[in-house]
$ cat model02.pdb   # PDB, C-alpha atoms and all ligand atoms
ATOM      1  CA  MET A 173     104.289 109.473 116.688
ATOM      2  CA  ALA A 174     100.734 110.715 116.405
ATOM      3  CA  MET A 175      98.606 108.413 114.218
ATOM      4  CA  GLN A 176      96.323 110.999 112.689
ATOM      5  CA  ARG A 177      94.942 111.074 109.162
ATOM      6  CA  ILE A 178      96.520 113.917 107.190
ATOM      7  CA  ALA A 179      95.311 115.869 104.153
ATOM      8  CA  VAL A 180      97.358 118.411 102.190
ATOM      9  CA  VAL A 181      96.234 121.007  99.648
ATOM     10  CA  THR A 182      98.788 122.906  97.547
ATOM     11  CA  GLY A 183      98.257 126.546  96.579
ATOM     12  CA  ALA A 184      95.510 126.671  99.182
ATOM     13  CA  ASN A 185      95.669 130.303 100.323
ATOM     14  CA  LYS A 186      93.099 131.522  97.802
ATOM     15  CA  GLY A 187      90.823 130.566  94.937
ATOM     16  CA  ILE A 188      89.762 126.962  94.357
ATOM     17  CA  GLY A 189      92.446 125.658  96.754
ATOM     18  CA  PHE A 190      90.926 127.718  99.565
ATOM     19  CA  GLY A 191      87.479 126.372  98.611
ATOM     20  CA  ILE A 192      88.837 122.805  98.793
ATOM     21  CA  MET A 193      90.239 123.632 102.261
ATOM     22  CA  LYS A 194      86.766 124.654 103.453
ATOM     23  CA  GLU A 195      85.269 121.371 102.243
ATOM     24  CA  LEU A 196      88.047 119.237 103.733
ATOM     25  CA  CYS A 197      87.990 121.091 107.059
ATOM     26  CA  LYS A 198      84.280 120.291 107.282
ATOM     27  CA  LYS A 199      84.361 116.694 106.039
ATOM     28  CA  PHE A 200      87.825 115.127 106.396
ATOM     29  CA  ASP A 201      88.335 113.014 109.486
ATOM     30  CA  GLY A 202      91.819 114.236 110.386
ATOM     31  CA  VAL A 203      94.228 117.165 110.157
ATOM     32  CA  VAL A 204      94.102 119.379 107.049
ATOM     33  CA  TYR A 205      97.214 121.250 105.955
ATOM     34  CA  LEU A 206      96.801 124.517 104.101
ATOM     35  CA  THR A 207     100.022 124.993 102.186
ATOM     36  CA  ALA A 208     101.095 128.130 100.342
ATOM     37  CA  ARG A 209     104.320 129.473  98.887
ATOM     38  CA  ASP A 210     103.966 132.709 100.885
ATOM     39  CA  GLU A 211     103.879 132.371 104.686
ATOM     40  CA  GLY A 212     101.950 135.603 105.229
ATOM     41  CA  ARG A 213      99.209 134.724 102.742
ATOM     42  CA  GLY A 214      99.074 131.193 104.121
ATOM     43  CA  HIS A 215      98.638 132.271 107.737
ATOM     44  CA  ALA A 216      96.047 134.878 106.723
ATOM     45  CA  ALA A 217      94.056 132.129 104.963
ATOM     46  CA  VAL A 218      94.204 129.884 108.054
ATOM     47  CA  ASP A 219      92.877 132.860 110.057
ATOM     48  CA  GLU A 220      90.054 133.280 107.496
ATOM     49  CA  LEU A 221      89.097 129.641 108.001
ATOM     50  CA  ALA A 222      89.174 130.102 111.785
ATOM     51  CA  LYS A 223      86.670 132.955 111.423
ATOM     52  CA  LEU A 224      84.372 130.432 109.724
ATOM     53  CA  GLY A 225      84.833 128.063 112.662
ATOM     54  CA  LEU A 226      87.177 125.788 110.654
ATOM     55  CA  THR A 227      90.540 124.468 111.850
ATOM     56  CA  ALA A 228      93.502 124.045 109.515
ATOM     57  CA  ARG A 229      97.249 123.931 110.018
ATOM     58  CA  PHE A 230      99.750 125.803 107.900
ATOM     59  CA  HIS A 231     103.030 124.762 106.323
ATOM     60  CA  GLN A 232     105.012 126.601 103.700
ATOM     61  CA  LEU A 233     105.191 124.773 100.346
ATOM     62  CA  ASP A 234     106.394 126.281  97.090
ATOM     63  CA  ILE A 235     105.906 123.646  94.398
ATOM     64  CA  ASP A 236     108.537 125.474  92.330
ATOM     65  CA  ASN A 237     111.255 125.079  94.964
ATOM     66  CA  ALA A 238     113.005 121.752  95.571
ATOM     67  CA  GLY A 239     114.179 122.759  99.067
ATOM     68  CA  SER A 240     110.683 123.793 100.119
ATOM     69  CA  ILE A 241     109.220 120.513  98.829
ATOM     70  CA  SER A 242     111.777 118.355 100.644
ATOM     71  CA  ARG A 243     111.413 120.359 103.882
ATOM     72  CA  PHE A 244     107.659 119.836 103.773
ATOM     73  CA  ALA A 245     107.907 116.112 102.976
ATOM     74  CA  GLU A 246     110.433 115.656 105.782
ATOM     75  CA  TYR A 247     108.161 117.527 108.199
ATOM     76  CA  ILE A 248     105.131 115.351 107.363
ATOM     77  CA  LYS A 249     107.204 112.193 107.603
ATOM     78  CA  LYS A 250     108.730 113.123 110.966
ATOM     79  CA  THR A 251     105.542 114.488 112.498
ATOM     80  CA  TYR A 252     102.927 112.034 111.224
ATOM     81  CA  GLY A 253     104.753 109.209 109.455
ATOM     82  CA  GLY A 254     102.399 109.296 106.470
ATOM     83  CA  LEU A 255      99.830 111.075 104.354
ATOM     84  CA  ASP A 256      96.242 110.223 103.415
ATOM     85  CA  VAL A 257      95.087 112.929 100.993
ATOM     86  CA  LEU A 258      97.059 115.089  98.552
ATOM     87  CA  VAL A 259      95.358 117.715  96.396
ATOM     88  CA  ASN A 260      97.657 119.091  93.688
ATOM     89  CA  ASN A 261      95.912 122.405  93.133
ATOM     90  CA  ALA A 262      98.697 125.012  92.807
ATOM     91  CA  ALA A 263      99.279 126.329  89.285
ATOM     92  CA  ILE A 264      99.944 129.484  87.335
ATOM     93  CA  ALA A 265      98.455 130.894  84.133
ATOM     94  CA  TYR A 266      99.668 133.834  82.092
ATOM     95  CA  LYS A 267      96.945 136.290  81.145
ATOM     96  CA  ASN A 268      96.042 136.553  77.448
ATOM     97  CA  ALA A 269      97.487 140.043  77.458
ATOM     98  CA  ALA A 270     100.860 138.916  78.878
ATOM     99  CA  THR A 271     103.803 140.386  76.963
ATOM    100  CA  GLU A 272     106.498 137.882  77.982
ATOM    101  CA  PRO A 273     107.860 135.925  74.995
ATOM    102  CA  PHE A 274     106.067 132.621  74.312
ATOM    103  CA  GLY A 275     109.213 130.606  75.069
ATOM    104  CA  GLU A 276     109.570 132.238  78.483
ATOM    105  CA  GLN A 277     105.890 131.636  79.275
ATOM    106  CA  ALA A 278     106.320 127.998  78.232
ATOM    107  CA  GLU A 279     109.379 127.502  80.410
ATOM    108  CA  ASN A 280     107.740 128.973  83.517
ATOM    109  CA  THR A 281     104.324 127.390  83.024
ATOM    110  CA  ILE A 282     105.668 123.896  82.355
ATOM    111  CA  ARG A 283     108.191 124.180  85.192
ATOM    112  CA  VAL A 284     105.569 125.137  87.804
ATOM    113  CA  ASN A 285     102.413 123.356  86.610
ATOM    114  CA  PHE A 286     103.984 120.145  85.348
ATOM    115  CA  PHE A 287     107.433 119.670  86.881
ATOM    116  CA  GLY A 288     106.440 121.334  90.184
ATOM    117  CA  THR A 289     103.414 119.054  90.552
ATOM    118  CA  LEU A 290     105.568 116.051  89.613
ATOM    119  CA  ALA A 291     108.214 117.005  92.192
ATOM    120  CA  VAL A 292     105.568 117.238  94.935
ATOM    121  CA  CYS A 293     104.319 113.770  93.928
ATOM    122  CA  HIS A 294     107.844 112.331  93.981
ATOM    123  CA  ALA A 295     108.398 113.705  97.484
ATOM    124  CA  LEU A 296     105.012 112.800  98.970
ATOM    125  CA  PHE A 297     103.948 109.564  97.242
ATOM    126  CA  PRO A 298     106.364 107.469  99.350
ATOM    127  CA  LEU A 299     104.449 108.731 102.399
ATOM    128  CA  LEU A 300     100.984 107.758 101.136
ATOM    129  CA  ARG A 301      99.227 105.295 103.412
ATOM    130  CA  PRO A 302      96.824 102.553 102.284
ATOM    131  CA  HIS A 303      93.535 104.058 100.973
ATOM    132  CA  ALA A 304      95.217 107.407 100.234
ATOM    133  CA  ARG A 305      93.497 109.672  97.711
ATOM    134  CA  VAL A 306      95.367 111.969  95.332
ATOM    135  CA  VAL A 307      93.628 114.609  93.239
ATOM    136  CA  THR A 308      95.284 116.710  90.578
ATOM    137  CA  VAL A 309      93.379 119.804  89.567
ATOM    138  CA  SER A 310      93.753 119.888  85.803
ATOM    139  CA  SER A 311      91.427 121.892  83.558
ATOM    140  CA  SER A 312      89.181 121.692  80.527
ATOM    141  CA  ALA A 313      92.444 122.838  78.927
ATOM    142  CA  GLY A 314      93.969 119.539  80.059
ATOM    143  CA  HIS A 315      91.709 117.381  77.887
ATOM    144  CA  LEU A 316      93.767 115.610  75.236
ATOM    145  CA  ARG A 317      91.555 117.004  72.449
ATOM    146  CA  ARG A 318      92.867 120.474  73.301
ATOM    147  CA  ILE A 319      95.898 119.365  71.302
ATOM    148  CA  ASN A 320      93.769 119.885  68.246
ATOM    149  CA  GLY A 321      94.274 119.784  64.529
ATOM    150  CA  ASP A 322      94.204 116.951  62.024
ATOM    151  CA  GLU A 323      97.685 117.427  60.601
ATOM    152  CA  PRO A 324     100.024 114.453  61.050
ATOM    153  CA  ALA A 325     102.164 116.180  63.712
ATOM    154  CA  ALA A 326      99.182 116.874  66.000
ATOM    155  CA  THR A 327      97.797 113.377  65.470
ATOM    156  CA  ALA A 328     101.170 111.824  66.275
ATOM    157  CA  LEU A 329     101.508 113.950  69.407
ATOM    158  CA  ARG A 330      98.014 112.977  70.612
ATOM    159  CA  GLU A 331      98.875 109.329  70.004
ATOM    160  CA  LYS A 332     101.981 109.631  72.176
ATOM    161  CA  PHE A 333      99.995 111.198  75.031
ATOM    162  CA  ALA A 334      97.179 108.676  74.670
ATOM    163  CA  SER A 335      99.431 105.621  74.689
ATOM    164  CA  PRO A 336      98.576 103.371  77.646
ATOM    165  CA  SER A 337     102.269 102.507  77.886
ATOM    166  CA  LEU A 338     103.549 106.129  78.008
ATOM    167  CA  THR A 339     106.165 106.317  80.771
ATOM    168  CA  GLU A 340     106.882 109.187  83.150
ATOM    169  CA  GLU A 341     110.301 109.646  81.511
ATOM    170  CA  GLU A 342     108.735 109.859  78.049
ATOM    171  CA  LEU A 343     106.144 112.334  79.301
ATOM    172  CA  CYS A 344     108.858 114.516  80.909
ATOM    173  CA  SER A 345     110.745 114.463  77.645
ATOM    174  CA  LEU A 346     107.599 115.539  75.731
ATOM    175  CA  MET A 347     107.160 118.454  78.139
ATOM    176  CA  LYS A 348     110.808 119.485  77.694
ATOM    177  CA  GLN A 349     110.430 119.243  73.919
ATOM    178  CA  PHE A 350     107.450 121.606  74.075
ATOM    179  CA  VAL A 351     109.518 124.195  75.956
ATOM    180  CA  GLU A 352     112.380 123.900  73.450
ATOM    181  CA  LYS A 353     110.012 124.210  70.501
ATOM    182  CA  ALA A 354     108.230 127.149  72.122
ATOM    183  CA  LYS A 355     111.617 128.853  72.383
ATOM    184  CA  ASP A 356     112.748 128.183  68.826
ATOM    185  CA  GLY A 357     109.320 128.923  67.346
ATOM    186  CA  THR A 358     108.627 125.432  65.955
ATOM    187  CA  TRP A 359     105.907 124.310  68.370
ATOM    188  CA  LYS A 360     103.084 124.665  65.867
ATOM    189  CA  ALA A 361     104.823 122.591  63.188
ATOM    190  CA  SER A 362     105.332 119.889  65.847
ATOM    191  CA  GLY A 363     101.606 119.728  66.587
ATOM    192  CA  TRP A 364     101.555 121.693  69.859
ATOM    193  CA  PRO A 365      98.820 124.225  70.648
ATOM    194  CA  GLY A 366      99.615 127.915  71.016
ATOM    195  CA  SER A 367      98.885 127.869  74.754
ATOM    196  CA  THR A 368     101.489 127.008  77.348
ATOM    197  CA  TYR A 369      98.696 126.462  79.889
ATOM    198  CA  ILE A 370      97.062 123.804  77.665
ATOM    199  CA  ALA A 371     100.413 122.026  77.248
ATOM    200  CA  SER A 372     100.990 122.044  81.023
ATOM    201  CA  LYS A 373      97.504 120.736  81.853
ATOM    202  CA  VAL A 374      97.527 118.028  79.176
ATOM    203  CA  GLY A 375     100.819 117.089  80.825
ATOM    204  CA  VAL A 376      99.376 116.728  84.341
ATOM    205  CA  SER A 377      96.351 114.828  83.036
ATOM    206  CA  ALA A 378      98.634 112.416  81.169
ATOM    207  CA  LEU A 379     100.714 112.128  84.347
ATOM    208  CA  THR A 380      97.616 111.120  86.321
ATOM    209  CA  ARG A 381      97.111 108.121  84.018
ATOM    210  CA  ILE A 382     100.729 107.034  84.492
ATOM    211  CA  GLN A 383     100.534 107.482  88.270
ATOM    212  CA  HIS A 384      97.293 105.498  88.313
ATOM    213  CA  ARG A 385      99.079 102.545  86.689
ATOM    214  CA  ALA A 386     101.829 102.798  89.315
ATOM    215  CA  PHE A 387      99.227 102.872  92.108
ATOM    216  CA  GLU A 388      97.550  99.749  90.701
ATOM    217  CA  ALA A 389     100.907  97.961  90.935
ATOM    218  CA  ASP A 390     101.761  99.387  94.386
ATOM    219  CA  SER A 391     101.956  97.060  97.377
ATOM    220  CA  ARG A 392      99.957  99.567  99.437
ATOM    221  CA  PRO A 393      96.285  98.713  98.938
ATOM    222  CA  ASP A 394      93.703 101.044  97.456
ATOM    223  CA  LEU A 395      95.771 104.089  96.450
ATOM    224  CA  VAL A 396      93.518 106.166  94.187
ATOM    225  CA  ILE A 397      94.377 109.095  91.926
ATOM    226  CA  ASN A 398      92.070 111.087  89.642
ATOM    227  CA  ASP A 399      92.242 114.479  87.988
ATOM    228  CA  CYS A 400      89.511 116.927  87.168
ATOM    229  CA  HIS A 401      88.348 120.100  85.480
ATOM    230  CA  PRO A 402      87.027 122.271  88.333
ATOM    231  CA  GLY A 403      84.874 124.402  86.012
ATOM    232  CA  TYR A 404      85.269 127.987  84.845
ATOM    233  CA  VAL A 405      85.533 129.601  88.256
ATOM    234  CA  ASP A 406      85.449 133.144  89.604
ATOM    235  CA  THR A 407      89.066 133.454  90.865
ATOM    236  CA  ASP A 408      92.098 135.667  90.304
ATOM    237  CA  MET A 409      93.279 133.214  87.616
ATOM    238  CA  THR A 410      90.247 133.974  85.427
ATOM    239  CA  SER A 411      90.316 137.678  86.364
ATOM    240  CA  HIS A 412      86.973 136.864  88.046
ATOM    241  CA  LYS A 413      85.278 136.159  84.733
ATOM    242  CA  GLY A 414      84.541 132.538  85.671
ATOM    243  CA  THR A 415      80.856 131.727  85.995
ATOM    244  CA  LEU A 416      81.103 129.218  88.858
ATOM    245  CA  THR A 417      81.593 130.171  92.503
ATOM    246  CA  ILE A 418      84.691 128.976  94.354
ATOM    247  CA  GLU A 419      82.453 126.562  96.287
ATOM    248  CA  GLN A 420      81.202 125.061  93.003
ATOM    249  CA  GLY A 421      84.766 124.847  91.700
ATOM    250  CA  ALA A 422      85.904 123.052  94.854
ATOM    251  CA  ALA A 423      83.110 120.468  94.742
ATOM    252  CA  CYS A 424      84.671 117.919  92.362
ATOM    253  CA  PRO A 425      88.242 118.078  93.739
ATOM    254  CA  ALA A 426      86.880 117.726  97.300
ATOM    255  CA  TYR A 427      84.656 114.805  96.237
ATOM    256  CA  LEU A 428      87.708 113.046  94.763
ATOM    257  CA  ALA A 429      89.791 113.774  97.869
ATOM    258  CA  LEU A 430      87.112 112.200 100.062
ATOM    259  CA  LEU A 431      86.351 109.063  98.012
ATOM    260  CA  PRO A 432      85.548 106.275 100.495
ATOM    261  CA  PRO A 433      87.774 103.213 100.955
ATOM    262  CA  ASP A 434      87.733 100.499  98.295
ATOM    263  CA  ILE A 435      85.532 102.359  95.804
ATOM    264  CA  LYS A 436      85.407 100.734  92.347
ATOM    265  CA  GLU A 437      85.447 104.038  90.470
ATOM    266  CA  PRO A 438      86.518 106.661  89.680
ATOM    267  CA  ARG A 439      90.120 105.452  89.629
ATOM    268  CA  GLY A 440      92.658 106.994  87.273
ATOM    269  CA  GLN A 441      89.935 109.073  85.593
ATOM    270  CA  TYR A 442      89.470 112.595  84.282
ATOM    271  CA  LEU A 443      86.313 114.168  85.711
ATOM    272  CA  TRP A 444      84.276 117.211  84.783
ATOM    273  CA  HIS A 445      83.223 119.692  87.490
ATOM    274  CA  ASP A 446      79.794 118.039  87.712
ATOM    275  CA  LYS A 447      81.636 114.831  88.748
ATOM    276  CA  GLN A 448      80.977 112.945  85.546
ATOM    277  CA  VAL A 449      83.805 110.838  84.188
ATOM    278  CA  VAL A 450      84.915 112.067  80.770
ATOM    279  CA  ASP A 451      86.889 110.008  78.242
ATOM    280  CA  TRP A 452      90.206 111.873  78.283
ATOM    281  CA  VAL A 453      91.403 110.515  74.960
ATOM    282  CA  ASN A 454      88.296 110.702  72.795
ATOM    283  CA  GLY A 455      85.952 113.032  74.638
ATOM    284  CA  PRO A 456      83.533 114.506  74.111
ATOM    285  CA  THR A 457      83.683 117.005  76.969
ATOM    286  CA  PRO A 458      80.294 118.190  78.276
ATOM    287  CA  ALA A 459      81.175 121.780  77.286
ATOM    288  CA  ALA A 460      84.169 123.686  75.993
ATOM    289  CA  TYR A 461      85.004 125.160  79.431
TER     290      TYR A 461
HETATM  291  N1  LIG B 501      89.681 129.280  87.862
HETATM  292  C1  LIG B 501      89.342 128.478  86.857
HETATM  293  O1  LIG B 501      88.373 128.742  86.111
HETATM  294  C2  LIG B 501      90.117 127.225  86.596
HETATM  295  C3  LIG B 501      89.689 126.428  85.521
HETATM  296  C4  LIG B 501      90.384 125.247  85.269
HETATM  297  C5  LIG B 501      91.414 124.857  86.092
HETATM  298  N2  LIG B 501      91.810 125.669  87.128
HETATM  299  C6  LIG B 501      92.908 125.190  87.976
HETATM  300  O2  LIG B 501      92.481 125.239  89.336
HETATM  301  C7  LIG B 501      93.610 125.425  90.186
HETATM  302  C8  LIG B 501      93.385 126.619  91.090
HETATM  303  O3  LIG B 501      93.182 127.759  90.267
HETATM  304  P1  LIG B 501      92.545 129.124  90.802
HETATM  305  O4  LIG B 501      91.611 129.573  89.759
HETATM  306  O5  LIG B 501      92.107 128.970  92.204
HETATM  307  O6  LIG B 501      93.853 130.065  90.696
HETATM  308  P2  LIG B 501      94.376 131.254  91.635
HETATM  309  O7  LIG B 501      93.241 131.975  92.238
HETATM  310  O8  LIG B 501      95.355 131.980  90.786
HETATM  311  O9  LIG B 501      95.156 130.471  92.793
HETATM  312  C9  LIG B 501      96.288 129.732  92.489
HETATM  313  C10 LIG B 501      96.921 129.263  93.767
HETATM  314  O10 LIG B 501      98.135 128.551  93.433
HETATM  315  C11 LIG B 501      99.186 129.127  94.167
HETATM  316  N3  LIG B 501     100.496 128.938  93.536
HETATM  317  C12 LIG B 501     100.960 129.413  92.358
HETATM  318  N4  LIG B 501     102.231 129.040  92.183
HETATM  319  C13 LIG B 501     102.592 128.324  93.279
HETATM  320  C14 LIG B 501     103.781 127.688  93.704
HETATM  321  N5  LIG B 501     104.899 127.730  92.975
HETATM  322  N6  LIG B 501     103.774 127.022  94.876
HETATM  323  C15 LIG B 501     102.665 126.970  95.625
HETATM  324  N7  LIG B 501     101.523 127.590  95.316
HETATM  325  C16 LIG B 501     101.491 128.252  94.139
HETATM  326  C17 LIG B 501      98.826 130.579  94.326
HETATM  327  O11 LIG B 501      99.587 131.174  95.362
HETATM  328  P3  LIG B 501      99.854 132.778  95.442
HETATM  329  O12 LIG B 501      98.656 133.378  96.124
HETATM  330  O13 LIG B 501     101.108 132.843  96.261
HETATM  331  O14 LIG B 501     100.022 133.270  94.035
HETATM  332  C18 LIG B 501      97.349 130.430  94.675
HETATM  333  O15 LIG B 501      97.206 130.034  96.006
HETATM  334  C19 LIG B 501      94.801 125.572  89.252
HETATM  335  O16 LIG B 501      95.416 124.307  89.086
HETATM  336  C20 LIG B 501      94.151 126.004  87.948
HETATM  337  O17 LIG B 501      94.963 125.718  86.829
HETATM  338  C21 LIG B 501      91.178 126.833  87.385
END
$ encode --input "model02.pdb" --output "C-alpha cells"
Amino acid sequence: MAMQRIAVVTGANKGIGFGIMKELCKKFDGVVYLTARDEGRGHAAVDELAKLGLTARFHQLDIDNAGSISRFAEYIKKTYGGLDVLVNNAAIAYKNAATEPFGEQAENTIRVNFFGTLAVCHALFPLLRPHARVVTVSSSAGHLRRINGDEPAATALREKFASPSLTEEELCSLMKQFVEKAKDGTWKASGWPGSTYIASKVGVSALTRIQHRAFEADSRPDLVINDCHPGYVDTDMTSHKGTLTIEQGAACPAYLALLPPDIKEPRGQYLWHDKQVVDWVNGPTPAAY
C-alpha cells in the first residue's frame, strides 16, 4: 500500500472549496482529493486546476448520501490506509427569496450541513493518522451569539450549546428538535433563530468542540480540529455579493488544514477569516459578517 499523505476537500468543485484546493495543491506535501457530488463538475474542476499547473485527484462524494460516503471511505482506506487532512466545506444555503416552507428548508439544511458533515466525520475519522488536521467551514452565522435574544428560551438554548459537557447525541437531538419545531411553527418560542442556515452552522461549530474533546482523548497523537468563518465571499452561495475573493475566503481554512505538527494552538477553536481566534460562546466577533 502506498504510504502517501492524503488530503480531502468536500464540495470542492467550485467556490471556497475550489479555492482551498488551489492552496492545498500548492502547499500540501501529498495527494489532494477534490471531491464533489457531481462527477462531471468534479472532473471539470480537476481540469481547471490542471490548467493552472496544479495536480489533484477526483473522487465522487455526496455528503448527503450514505452509500457515497461509505464508498469513498472504503476507497481511501483500501488505496492509502489513512487520511491526513479533511476539510468539511460542502454545504447548502437557501436564498432569502426561497419559497419552500420553513420546515422543509430546515429539514434539508440540517440534513446536509449538519448530519451530512457528521456522517463524513464518522466515516473518515477512523482513518485519520497521527498529526491529522480537520477543518470544518462554518460561518459567521455559526457563532453561538447568532442564537440571539434575551428571553429564557434563547438563553437556555445557548447554555445547552455552550456546555463543555454537551455530547454528540445531545447535539444531534437538539438539531432534530429544531427541524421538528420548524415544521410545527414553534421554533421561535423555543429560542431558535428564524434561519435554518444559522441553526445548521451553530450545529457544526458546536460539533467541532465535541470532536476536539474526542481528539484530545484519542490514542492517536496530535489530531487537531478547528472551524472557521471564511468571510463574506464572492461565490454562488452569496449570489456573488460577498466582498472577499475566493482566494481570501480560502485562506483561513487552508491555514487550518496545513497547521504544522504539534502546534499548541489553535486546537478546537473557532476562527475568523483573518485567522484570529474568536470566543465562540461569548464573542465578540470582529464584525457581523
Ligand atoms: N460564501 C460565503 O460568503 C460564505 C460565508 C460563510 C460560510 N460559507 C461556507 O463556506 C462553504 C463553501 O461555500 P461557498 O460560498 O463556496 O458555496 P458554493 O459556491 O455554493 O459551493 C458549495 C459547494 O458545496 C457543494 N455541495 C453542496 N451540497 C453537497 C453535497 N450534498 N455533497 C457534496 N457537495 C455538496 C456544492 O456542489 P454543487 O456544485 O454540486 O452544488 C459546491 O461545490 C460552505 O460551508 C458555506 O456555508 C460561505
$ closest_atom_pairs --input "model02.pdb" --of "region 247-307 of chain A" --to "region 402-418 of chain A" --cutoff "12 Å" --atoms "only C-alpha atoms" --output "JSON lines"
{"residue": "A:Asn261", "atom": "CA", "partner": "A:Pro402", "partner_atom": "CA", "distance": 10.1}
{"residue": "A:Ala262", "atom": "CA", "partner": "A:Met409", "partner_atom": "CA", "distance": 11.1}
{"residue": "A:Ala263", "atom": "CA", "partner": "A:Met409", "partner_atom": "CA", "distance": 9.3}
{"residue": "A:Ile264", "atom": "CA", "partner": "A:Met409", "partner_atom": "CA", "distance": 7.6}
{"residue": "A:Ala265", "atom": "CA", "partner": "A:Met409", "partner_atom": "CA", "distance": 6.7}
{"residue": "A:Tyr266", "atom": "CA", "partner": "A:Met409", "partner_atom": "CA", "distance": 8.5}
{"residue": "A:Lys267", "atom": "CA", "partner": "A:Met409", "partner_atom": "CA", "distance": 8.0}
{"residue": "A:Asn268", "atom": "CA", "partner": "A:Thr410", "partner_atom": "CA", "distance": 10.2}
{"residue": "A:Ala269", "atom": "CA", "partner": "A:Ser411", "partner_atom": "CA", "distance": 11.7}
{"residue": "A:Val307", "atom": "CA", "partner": "A:Pro402", "partner_atom": "CA", "distance": 11.2}
$ residues_around --input "model02.pdb" --residues "Asp434 (chain A)" --least-positions-apart "4" --cutoff "12 Å" --atoms "only C-alpha atoms" --output "PyMOL selection string"
chain A and resi 302-305+393-396+430+438-439
$ resolve_selection --input "model02.pdb" --expression "the PyMOL selection byres (((chain A and resi 367) around 12) and not hetatm)" --output "PyMOL selection string"
chain A and resi 265-268+270+274-275+277-279+281-282+313-314+318-320+350-351+354+359-360+363-366+368-374
$ closest_residue --input "model02.pdb" --among "A:Gln383, A:Gln176, A:Thr227, A:Thr289" --to "Asn260 (chain A)" --atoms "only C-alpha atoms"
A:Thr289
$ residues_around --input "model02.pdb" --residues "Gln232 (chain A)" --least-positions-apart "3" --cutoff "9 Å" --atoms "all atoms listed in the file" --output "list of chain:residue names"
A:Leu206, A:Thr207, A:Ala208, A:Arg209, A:Asp210, A:Glu211, A:Gly214, A:Ser240, A:Ile241, A:Arg243, A:Phe244
$ residues_around --input "model02.pdb" --residues "Ala426 (chain A)" --least-positions-apart "6" --cutoff "7 Å" --atoms "only C-alpha atoms" --output "PyMOL selection string"
chain A and resi 192+195-196
$ closest_residue --input "model02.pdb" --among "A:Lys194, A:Lys348, A:His294, A:Arg301" --to "Pro425 (chain A)" --atoms "only C-alpha atoms"
A:Lys194
$ closest_residue --input "model02.pdb" --among "A:Asp446, A:Glu419, A:Glu388, A:Asp236" --to "ligand LIG 501 (chain B)" --atoms "all atoms listed in the file"
A:Asp236
$ resolve_selection --input "model02.pdb" --expression "the PyMOL selection byres (((chain A and resi 385) around 12) and not hetatm)" --output "list in words"
Pro336, Ser337, Leu338, Thr339, Glu340, Ala378, Leu379, Thr380, Arg381, Ile382, Gln383, His384, Ala386, Phe387, Glu388, Ala389, Asp390, Leu395, Val396, Ile397, Asn398, Arg439, Gly440 and Gln441 of chain A
$ resolve_selection --input "model02.pdb" --expression "the PyMOL selection byres (((chain A and resi 258) around 10) and not hetatm)" --output "ChimeraX atom specification"
/A:178-182,204-205,255-257,259-261,292-293,296-297,300,304-308,397,429
$ residues_around --input "model02.pdb" --residues "Met175 (chain A)" --least-positions-apart "5" --cutoff "10 Å" --atoms "only C-alpha atoms" --output "list in words"
Gly202, Thr251, Tyr252, Gly253 and Gly254 of chain A
$ atom_distance --input "model02.pdb" --atom1 "CA of Ala291 (chain A)" --atom2 "atom O14 of ligand LIG 501 (chain B)"
18.3 Å
$ closest_residue --input "model02.pdb" --among "A:Asp399, A:Glu331, A:Asp356, A:Glu246" --to "ligand LIG 501 (chain B)" --atoms "all atoms listed in the file"
A:Asp399
$ closest_residue --input "model02.pdb" --among "A:Pro298, A:Gly225, A:Gly375, A:Gly421" --to "ligand LIG 501 (chain B)" --atoms "all atoms listed in the file"
A:Gly421
$ axis_aligned_box --input "model02.pdb" --around "region 217-230 of chain A" --padding-each-side "3 Å" --output "lines of an AutoDock Vina configuration file"
center_x = 92.1
center_y = 128.6
center_z = 108.8
size_x = 21.4
size_y = 15.3
size_z = 13.7
$ atom_distance --input "model02.pdb" --atom1 "atom C15 of ligand LIG 501 (chain B)" --atom2 "CA of Lys355 (chain A)"
25.0 Å
$ residues_around --input "model02.pdb" --residues "Gln448 (chain A)" --least-positions-apart "6" --cutoff "10 Å" --atoms "only C-alpha atoms" --output "VMD selection string"
chain A and resid 400 424 438 441 to 442 457 to 458
$ write_last_selection --input "model02.pdb" --atoms "C-alpha atoms" --output "compact mmCIF listing (two decimals), keeping the file's coordinate frame"
# COMPACT_ATOMS: atom_id res chain seq x y z
CA CYS A 400 89.51 116.93 87.17
CA CYS A 424 84.67 117.92 92.36
CA PRO A 438 86.52 106.66 89.68
CA GLN A 441 89.94 109.07 85.59
CA TYR A 442 89.47 112.60 84.28
CA THR A 457 83.68 117.00 76.97
CA PRO A 458 80.29 118.19 78.28
$ atom_distance --input "model02.pdb" --atom1 "CA of Tyr461 (chain A)" --atom2 "CA of Lys198 (chain A)"
28.3 Å
$ closest_residue --input "model02.pdb" --among "A:Ala334, A:Ala361, A:Thr327, A:Ala295" --to "Ala245 (chain A)" --atoms "all atoms listed in the file"
A:Ala295
